[in-house]
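Asker: Below you'll find run.cif; it's mmCIF, C-alpha atoms.
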```cif
data_data
loop_
_atom_site.label_atom_id
_atom_site.label_comp_id
_atom_site.auth_asym_id
_atom_site.auth_seq_id
_atom_site.Cartn_x
_atom_site.Cartn_y
_atom_site.Cartn_z
CA MET Q 50 0.00 0.00 0.00
CA GLY Q 51 1.27 3.49 -0.85
CA GLN Q 52 2.42 6.05 1.69
CA THR Q 53 1.85 9.78 1.23
CA VAL Q 54 3.61 12.77 2.76
CA LYS Q 55 2.51 16.30 1.97
CA LEU Q 56 4.38 19.59 2.49
CA LYS Q 57 2.93 23.08 2.14
CA LEU Q 58 5.54 25.80 1.88
CA ASN Q 59 5.53 29.50 1.20
CA SER Q 60 7.11 30.50 -2.09
CA ARG Q 61 10.69 30.98 -0.96
CA ILE Q 62 13.68 29.77 -2.90
CA THR Q 63 15.43 29.11 0.42
CA TYR Q 64 13.13 26.13 0.99
CA VAL Q 65 14.49 24.32 -2.04
CA ASP Q 66 17.31 22.67 -0.07
CA LEU Q 67 14.80 21.33 2.47
CA VAL Q 68 12.67 19.87 -0.33
CA HIS Q 69 15.76 18.43 -2.03
CA GLN Q 70 17.00 16.79 1.18
CA MET Q 71 13.59 15.36 2.05
CA THR Q 72 13.26 13.88 -1.42
CA GLU Q 73 16.69 12.31 -1.33
CA ASP Q 74 16.18 10.89 2.18
CA MET Q 75 12.76 9.44 1.36
CA ALA Q 76 14.00 7.93 -1.89
CA ARG Q 77 16.91 6.30 -0.07
CA ARG Q 78 14.50 4.84 2.50
CA CYS Q 79 12.53 3.43 -0.44
CA ARG Q 80 15.65 1.49 -1.53
CA PHE Q 81 16.63 3.80 -4.39
CA PRO Q 82 20.38 3.67 -4.98
CA LYS Q 83 22.19 6.89 -4.07
CA PRO Q 84 22.61 8.15 -7.68
CA ALA Q 85 18.91 7.54 -8.45
CA ALA Q 86 17.86 9.29 -5.23
CA LEU Q 87 20.00 12.30 -6.20
CA ASP Q 88 18.48 12.34 -9.69
CA LEU Q 89 14.96 12.37 -8.23
CA ALA Q 90 15.93 15.14 -5.79
CA LEU Q 91 17.43 17.22 -8.61
CA ALA Q 92 14.23 16.87 -10.64
CA VAL Q 93 12.07 17.84 -7.65
CA ARG Q 94 14.43 20.76 -6.97
CA GLU Q 95 13.88 22.09 -10.49
CA ALA Q 96 10.11 21.66 -10.25
CA PHE Q 97 10.03 23.48 -6.91
CA ILE Q 98 12.14 26.37 -8.26
CA ASN Q 99 9.82 26.62 -11.28
CA ALA Q 100 6.77 26.67 -9.03
CA VAL Q 101 8.22 29.49 -6.90
CA LYS Q 102 9.63 31.60 -9.73
CA HIS Q 103 7.43 31.02 -12.74
CA GLY Q 104 4.28 29.61 -11.14
CA ASN Q 105 3.84 31.80 -8.10
CA GLY Q 106 5.96 34.66 -9.45
CA MET Q 107 8.06 34.81 -6.22
CA ASP Q 108 4.94 35.86 -4.29
CA GLU Q 109 5.70 34.58 -0.79
CA ALA Q 110 2.03 34.73 0.17
CA LYS Q 111 1.36 31.95 -2.32
CA GLN Q 112 2.17 28.38 -1.45
CA VAL Q 113 3.82 25.45 -3.12
CA GLU Q 114 2.50 22.03 -2.23
CA VAL Q 115 4.83 19.07 -2.54
CA GLU Q 116 3.30 15.62 -2.21
CA PHE Q 117 5.40 12.47 -2.02
CA GLU Q 118 3.85 9.09 -2.66
CA ARG Q 119 5.57 5.76 -2.77
CA ASN Q 120 4.37 2.33 -3.63
CA ALA Q 121 6.08 -0.97 -4.24
CA SER Q 122 7.49 -0.09 -7.63
CA ARG Q 123 7.81 3.66 -7.91
CA PHE Q 124 8.07 7.03 -6.22
CA LEU Q 125 5.78 9.88 -7.27
CA VAL Q 126 6.20 13.54 -6.41
CA SER Q 127 3.60 16.20 -7.24
CA ILE Q 128 4.56 19.88 -7.08
CA ARG Q 129 1.63 22.29 -7.20
CA ASP Q 130 1.73 26.07 -7.36
CA GLU Q 131 -1.04 28.64 -6.91
CA GLY Q 132 -0.08 30.97 -9.71
CA ASN Q 133 -0.84 31.36 -13.36
CA GLY Q 134 1.50 28.50 -14.12
CA PHE Q 135 3.93 28.38 -16.97
CA ASP Q 136 3.86 26.86 -20.40
CA PRO Q 137 6.31 23.94 -20.47
CA THR Q 138 6.08 23.74 -24.26
CA LEU Q 139 7.59 27.19 -24.67
CA THR Q 140 11.04 26.21 -23.46
CA ALA Q 141 13.69 25.95 -26.16
CA ASP Q 142 15.90 22.89 -26.41
CA PRO Q 143 18.92 23.79 -24.25
CA ARG Q 144 21.05 21.24 -26.13
CA ALA Q 145 20.54 22.94 -29.48
CA ALA Q 146 23.78 24.55 -30.68
CA GLU Q 147 22.26 28.04 -30.65
CA ASN Q 148 21.18 27.65 -27.00
CA LEU Q 149 24.31 26.17 -25.45
CA GLU Q 150 25.51 29.53 -24.14
CA ARG Q 151 22.17 30.49 -22.63
CA THR Q 152 22.37 31.09 -18.90
CA SER Q 153 18.85 29.80 -18.14
CA GLY Q 154 16.18 27.51 -19.56
CA ARG Q 155 17.49 24.12 -18.43
CA GLY Q 156 15.07 23.41 -15.56
CA ILE Q 157 12.43 21.43 -17.42
CA PHE Q 158 15.13 19.64 -19.40
CA PHE Q 159 16.71 18.54 -16.11
CA MET Q 160 13.34 17.28 -14.82
CA LYS Q 161 12.82 15.20 -17.94
CA SER Q 162 16.38 13.88 -17.80
CA PHE Q 163 16.36 12.73 -14.19
CA VAL Q 164 13.06 10.89 -13.79
CA ASP Q 165 11.13 8.31 -15.82
CA GLU Q 166 7.96 10.32 -16.33
CA VAL Q 167 7.11 14.03 -16.18
CA SER Q 168 3.67 15.47 -16.76
CA PHE Q 169 2.31 18.99 -16.48
CA GLN Q 170 -1.29 19.70 -15.72
CA ARG Q 171 -2.79 23.16 -15.61
CA ARG Q 172 -5.48 23.26 -12.94
CA PRO Q 173 -7.96 25.98 -13.94
CA GLY Q 174 -7.93 28.71 -11.30
CA ARG Q 175 -5.62 26.68 -9.06
CA GLY Q 176 -2.22 26.81 -10.72
CA MET Q 177 0.00 24.15 -12.26
CA GLU Q 178 0.77 20.63 -11.12
CA VAL Q 179 3.97 18.89 -12.13
CA LEU Q 180 4.06 15.14 -11.56
CA LEU Q 181 7.43 13.41 -11.43
CA VAL Q 182 7.69 9.62 -11.39
CA LYS Q 183 10.81 7.58 -10.71
CA ASN Q 184 10.60 3.82 -11.09
CA LEU Q 185 12.33 1.60 -8.60
CA ALA Q 186 14.50 -0.84 -10.51
CA PRO Q 187 13.55 -4.46 -9.83
CA PRO Q 188 15.93 -6.24 -7.46
CA ALA Q 189 18.73 -8.09 -9.18
CA LYS Q 190 17.89 -11.75 -9.81
CA ARG Q 191 19.62 -14.20 -7.55
CA THR Q 192 21.95 -16.56 -9.32
CA GLU Q 193 20.58 -20.10 -9.09
CA GLU Q 194 22.95 -22.46 -7.42
CA PRO Q 195 23.65 -25.69 -9.32
CA GLY Q 196 21.12 -28.25 -8.34
CA GLY Q 197 19.25 -25.74 -6.24
CA ASP Q 198 15.82 -26.62 -7.67
CA GLN Q 199 15.78 -30.23 -6.81
CA MET G 62 29.85 26.03 -1.58
CA LYS G 63 33.38 27.17 -0.83
CA ALA G 64 35.81 28.81 -3.19
CA SER G 65 39.51 29.25 -2.54
CA VAL G 66 41.96 30.91 -4.90
CA ARG G 67 45.53 29.95 -5.82
CA HIS G 68 47.76 31.87 -8.19
CA HIS G 69 50.30 30.15 -10.43
CA GLY G 70 51.97 33.02 -12.22
CA LYS G 71 49.47 34.49 -14.62
CA VAL G 72 47.02 31.61 -14.10
CA THR G 73 44.52 31.52 -11.25
CA VAL G 74 43.02 28.28 -9.98
CA VAL G 75 39.75 28.46 -8.06
CA ASP G 76 39.19 25.33 -5.97
CA LEU G 77 35.45 24.85 -5.57
CA SER G 78 33.81 22.48 -3.14
CA GLY G 79 30.26 21.66 -2.10
CA LYS G 80 27.31 22.16 -4.42
CA ILE G 81 26.67 24.91 -6.95
CA THR G 82 22.96 25.53 -6.62
CA ILE G 83 20.45 28.36 -6.63
CA GLY G 84 20.73 31.03 -3.97
CA ASP G 85 24.10 30.05 -2.52
CA GLY G 86 26.67 28.31 -4.68
CA ASP G 87 25.71 30.18 -7.83
CA ILE G 88 26.15 33.54 -6.08
CA LYS G 89 29.50 32.57 -4.51
CA LEU G 90 30.76 31.34 -7.87
CA ARG G 91 29.71 34.62 -9.53
CA GLU G 92 31.39 36.68 -6.80
CA ALA G 93 34.63 34.67 -6.95
CA VAL G 94 34.95 34.88 -10.73
CA ASN G 95 33.87 38.53 -10.91
CA ALA G 96 36.52 39.48 -8.34
CA LEU G 97 39.24 37.83 -10.42
CA LEU G 98 38.04 39.42 -13.66
CA ASP G 99 37.87 42.81 -11.94
CA GLU G 100 41.49 42.34 -10.84
CA GLY G 101 42.36 41.90 -14.49
CA ARG G 102 43.06 38.17 -14.32
CA LYS G 103 42.98 36.73 -17.84
CA ALA G 104 43.49 33.03 -17.17
CA VAL G 105 41.16 31.26 -14.76
CA ILE G 106 40.73 27.57 -14.03
CA LEU G 107 37.73 26.37 -12.06
CA ASN G 108 38.70 23.20 -10.22
CA LEU G 109 35.43 21.27 -9.90
CA ASN G 110 36.93 18.24 -8.20
CA GLY G 111 35.18 18.95 -4.89
CA VAL G 112 31.80 19.85 -6.36
CA SER G 113 29.18 17.19 -5.68
CA TYR G 114 26.42 18.45 -7.97
CA MET G 115 24.89 21.48 -9.65
CA ASP G 116 21.33 22.43 -10.47
CA SER G 117 20.17 24.40 -13.53
CA ALA G 118 20.99 27.68 -11.79
CA GLY G 119 24.52 26.48 -11.05
CA ILE G 120 25.02 25.34 -14.63
CA GLY G 121 23.62 28.67 -15.81
CA GLU G 122 26.08 30.56 -13.62
CA LEU G 123 28.96 28.50 -14.98
CA VAL G 124 27.96 29.57 -18.48
CA ALA G 125 27.54 33.18 -17.34
CA CYS G 126 31.08 33.14 -15.88
CA TYR G 127 32.43 31.77 -19.16
CA LYS G 128 30.70 34.55 -21.10
CA ARG G 129 31.76 37.33 -18.72
CA ALA G 130 35.36 36.11 -18.93
CA ALA G 131 35.21 36.18 -22.73
CA GLU G 132 33.75 39.70 -22.68
CA LYS G 133 36.73 40.83 -20.60
CA GLY G 134 39.26 39.14 -22.85
CA ALA G 135 39.91 36.39 -20.32
CA LYS G 136 39.69 32.62 -20.61
CA LEU G 137 37.93 30.33 -18.17
CA LYS G 138 38.61 26.60 -18.23
CA LEU G 139 37.43 23.64 -16.15
CA LEU G 140 39.46 21.08 -14.24
CA ASN G 141 38.48 17.67 -12.93
CA PRO G 142 34.69 17.60 -12.93
CA GLY G 143 33.72 14.44 -11.08
CA GLY G 144 30.79 12.02 -11.17
CA LYS G 145 27.55 13.95 -11.30
CA VAL G 146 29.11 17.22 -12.49
CA GLN G 147 30.77 15.46 -15.42
CA ASP G 148 27.41 13.81 -16.26
CA LEU G 149 25.71 17.22 -16.21
CA LEU G 150 28.32 18.78 -18.51
CA ILE G 151 27.81 15.95 -21.00
CA LEU G 152 24.02 16.00 -20.65
CA THR G 153 23.89 19.73 -21.36
CA ARG G 154 26.56 19.48 -24.08
CA LEU G 155 28.57 22.13 -22.25
CA GLN G 156 31.70 20.05 -22.69
CA GLU G 157 31.52 21.40 -26.25
CA ILE G 158 32.05 25.01 -25.19
CA PHE G 159 34.33 24.55 -22.18
CA GLU G 160 37.91 23.38 -22.31
CA ILE G 161 37.99 20.62 -19.68
CA TYR G 162 41.19 19.14 -18.25
CA ARG G 163 41.92 16.13 -16.05
CA ASP G 164 45.47 17.14 -15.22
CA GLU G 165 46.16 20.42 -13.45
CA ARG G 166 49.65 20.82 -14.90
CA GLU G 167 48.25 20.42 -18.39
CA ALA G 168 45.53 22.95 -17.61
CA LEU G 169 48.07 25.45 -16.26
CA THR G 170 50.23 25.24 -19.37
CA SER G 171 47.28 25.44 -21.76
CA PHE G 172 46.98 29.23 -21.64
#
```
Would you mind writing the structure in this file as C-alpha cells?
Answerer:
Amino acid sequence: MGQTVKLKLNSRITYVDLVHQMTEDMARRCRFPKPAALDLALAVREAFINAVKHGNGMDEAKQVEVEFERNASRFLVSIRDEGNGFDPTLTADPRAAENLERTSGRGIFFMKSFVDEVSFQRRPGRGMEVLLVKNLAPPAKRTEEPGGDQ
Amino acid sequence: MKASVRHHGKVTVVDLSGKITIGDGDIKLREAVNALLDEGRKAVILNLNGVSYMDSAGIGELVACYKRAAEKGAKLKLLNPGGKVQDLLILTRLQEIFEIYRDEREALTSF
C-alpha cells in the first residue's frame, strides 16, 4: 500500500534545499540507490524552483504544495503552485547549438532527464501541477545455485 | 559552496567544493569569478573536483562566468569535474564550449 507525505511551503527559494534533502532521504528509504535518489531530488528541486519563480511569481504569500507518494514499484512527487503556471512547451531545447551559451532555460530539461515520467497539468484557477515519477528498478535476480531446484 | 583561490603566475586556480545551486553556490561562484576578472586576471581555471552536484541555476552561472570572462578578454577553463558534475556537462553538451582538463599541470600550461 502506498504512503503519502505532503508539504505546504511558502514561495521561498530558500526552501528548495529542504525539499531536495527530504526527497533524497525518502527515496533512499525506499531502496533507491544513491545516484537515483540524487536524480529524483534534482528533478524535484527544479520543479520546486519553477513553481516558486514562474508559477507563483516569487509571491511569498502563495504556497507550493509538494506531495510524495511511494508504492512498491515507484516514487511519485507532485509539485503544485497557486499561480498562473507556466507553459512547459515554450522552453527551447537547451542542447541545441544556438542555446548552449544560454544562462537559463534548463530546468524542465533537467526534470525530464532525471526521472522516468514528467507530466504537467494546468489546474484551472488553481495553478500548475507537475508530476514526477521515478521507477524503482527491480531487485537483481539471484543466481541459481547448481542443483538448487531439486 | 566554498571557493579558494591559488595563483600560479598568470594563471589563477579556483578550488570549488560543495554544491553549486540556486541562492548560494551560484552567487558565490559569480562573486569569486567577478573578483578575479575585476582584478584583471585573464586566465582562470575552475577546479570542480570537490563539487558534488549542480542544479540548472549552477550550470547557468557556470555559463555566465564563461561569457563574462570572454567579454573581458579572459579565458575560463574547467578542471576535474567528477561524477555527477561530469554527467551534467555531457548531458547539457557544455563540454563542447568549455575546455575541460583532467590534469592540473596540463591545464596550467594550456593558456
Asker: For the structure shown, which residues end up in the PyMOL selection byres ((chain Q and resi 155-167) around 9)? Put them as an mmCIF file with C-alpha atoms, keeping the file's coordinate frame, please?
Answerer:
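So the final result, stored in part_1.cif, reads:
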```cif
data_model
loop_
_atom_site.group_PDB
_atom_site.id
_atom_site.type_symbol
_atom_site.label_atom_id
_atom_site.label_comp_id
_atom_site.auth_asym_id
_atom_site.auth_seq_id
_atom_site.Cartn_x
_atom_site.Cartn_y
_atom_site.Cartn_z
ATOM 1 C CA ALA Q 85 18.910 7.540 -8.450
ATOM 2 C CA LEU Q 87 20.000 12.300 -6.200
ATOM 3 C CA ASP Q 88 18.480 12.340 -9.690
ATOM 4 C CA LEU Q 89 14.960 12.370 -8.230
ATOM 5 C CA ALA Q 90 15.930 15.140 -5.790
ATOM 6 C CA LEU Q 91 17.430 17.220 -8.610
ATOM 7 C CA ALA Q 92 14.230 16.870 -10.640
ATOM 8 C CA VAL Q 93 12.070 17.840 -7.650
ATOM 9 C CA ARG Q 94 14.430 20.760 -6.970
ATOM 10 C CA GLU Q 95 13.880 22.090 -10.490
ATOM 11 C CA ALA Q 96 10.110 21.660 -10.250
ATOM 12 C CA ILE Q 98 12.140 26.370 -8.260
ATOM 13 C CA ASN Q 99 9.820 26.620 -11.280
ATOM 14 C CA PRO Q 137 6.310 23.940 -20.470
ATOM 15 C CA THR Q 140 11.040 26.210 -23.460
ATOM 16 C CA ALA Q 141 13.690 25.950 -26.160
ATOM 17 C CA ASP Q 142 15.900 22.890 -26.410
ATOM 18 C CA PRO Q 143 18.920 23.790 -24.250
ATOM 19 C CA ARG Q 144 21.050 21.240 -26.130
ATOM 20 C CA ARG Q 151 22.170 30.490 -22.630
ATOM 21 C CA THR Q 152 22.370 31.090 -18.900
ATOM 22 C CA SER Q 153 18.850 29.800 -18.140
ATOM 23 C CA GLY Q 154 16.180 27.510 -19.560
ATOM 24 C CA SER Q 168 3.670 15.470 -16.760
ATOM 25 C CA PHE Q 169 2.310 18.990 -16.480
ATOM 26 C CA VAL Q 179 3.970 18.890 -12.130
ATOM 27 C CA LEU Q 180 4.060 15.140 -11.560
ATOM 28 C CA LEU Q 181 7.430 13.410 -11.430
ATOM 29 C CA VAL Q 182 7.690 9.620 -11.390
ATOM 30 C CA LYS Q 183 10.810 7.580 -10.710
ATOM 31 C CA ASN Q 184 10.600 3.820 -11.090
ATOM 32 C CA ASP G 116 21.330 22.430 -10.470
ATOM 33 C CA SER G 117 20.170 24.400 -13.530
ATOM 34 C CA ALA G 118 20.990 27.680 -11.790
ATOM 35 C CA ILE G 120 25.020 25.340 -14.630
ATOM 36 C CA GLY G 121 23.620 28.670 -15.810
ATOM 37 C CA LEU G 152 24.020 16.000 -20.650
ATOM 38 C CA THR G 153 23.890 19.730 -21.360
#
```
Asker: Please expand the PyMOL selection byres ((chain G and resi 89) around 12) into the concrete residues it hits in this file, giving the result as a ChimeraX atom specification.
Answerer: /G:62-65,75,77-88,90-96,119,122-123,126
Asker: May I have the protein, DNA and RNA residues with an atom at most 6 Å from (6.7, 16.0, 3.2), counting all atoms listed in the file in the file's coordinates, returned as a PDB file with C-alpha atoms, in the frame of the given file?
Answerer:
```
ATOM      1  CA  VAL Q  54       3.610  12.770   2.760  1.00  0.00           C
ATOM      2  CA  LYS Q  55       2.510  16.300   1.970  1.00  0.00           C
ATOM      3  CA  LEU Q  56       4.380  19.590   2.490  1.00  0.00           C
TER       4      LEU Q  56
END
```
Asker: Applying 10 Å and all atoms listed in the file, which residues near G:Arg102 remain after dropping the ones on its own chain fewer than 5 positions away? List them as a list in words.
Answerer: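 Close residues of G:Arg102: His68, Lys71, Val72, Thr73, Val94, Asn95, Ala96, Leu97, Ala130, Lys133, Gly134, Ala135 and Lys136 of chain G.
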Asker: Mind checking which residues fall within 8 Å of Q:Phe124, counting all atoms listed in the file, ignoring those fewer than 2 positions away in the same chain, and posting them as a list of chain:residue names?
Answerer: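 Once the adjacent positions are removed, what remains is Q:Ala76, Q:Phe117, Q:Glu118, Q:Arg119, Q:Asn120, Q:Ser122, Q:Val126, Q:Val182, Q:Lys183, Q:Asn184, Q:Leu185.
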Asker: Store the residues of this selection in a file with C-alpha atoms, as a short mmCIF file (atom, residue, chain, number, x, y, z; two decimals), in the frame of the given file.
Answerer:
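part18.cif written:
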```
data_model
loop_
_atom_site.label_atom_id
_atom_site.label_comp_id
_atom_site.auth_asym_id
_atom_site.auth_seq_id
_atom_site.Cartn_x
_atom_site.Cartn_y
_atom_site.Cartn_z
CA ALA Q 76 14.00 7.93 -1.89
CA PHE Q 117 5.40 12.47 -2.02
CA GLU Q 118 3.85 9.09 -2.66
CA ARG Q 119 5.57 5.76 -2.77
CA ASN Q 120 4.37 2.33 -3.63
CA SER Q 122 7.49 -0.09 -7.63
CA VAL Q 126 6.20 13.54 -6.41
CA VAL Q 182 7.69 9.62 -11.39
CA LYS Q 183 10.81 7.58 -10.71
CA ASN Q 184 10.60 3.82 -11.09
CA LEU Q 185 12.33 1.60 -8.60
#
```
Asker: Could you jot down the atom CA of Q:Arg129 to atom CA of Q:Ala100 separation for me, Å, one decimal place?
Answerer: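 Separating atom CA of Q:Arg129 from atom CA of Q:Ala100 is a distance of 7.0 Å.
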Asker: Rank Q:Lys102, Q:Arg80, Q:Lys57, Q:Arg171 by their smallest atom-to-atom distance to chain G, using all atoms listed in the file, and report the top residue only.
Answerer: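 Distance minimum relative to chain G lands on Q:Lys102.
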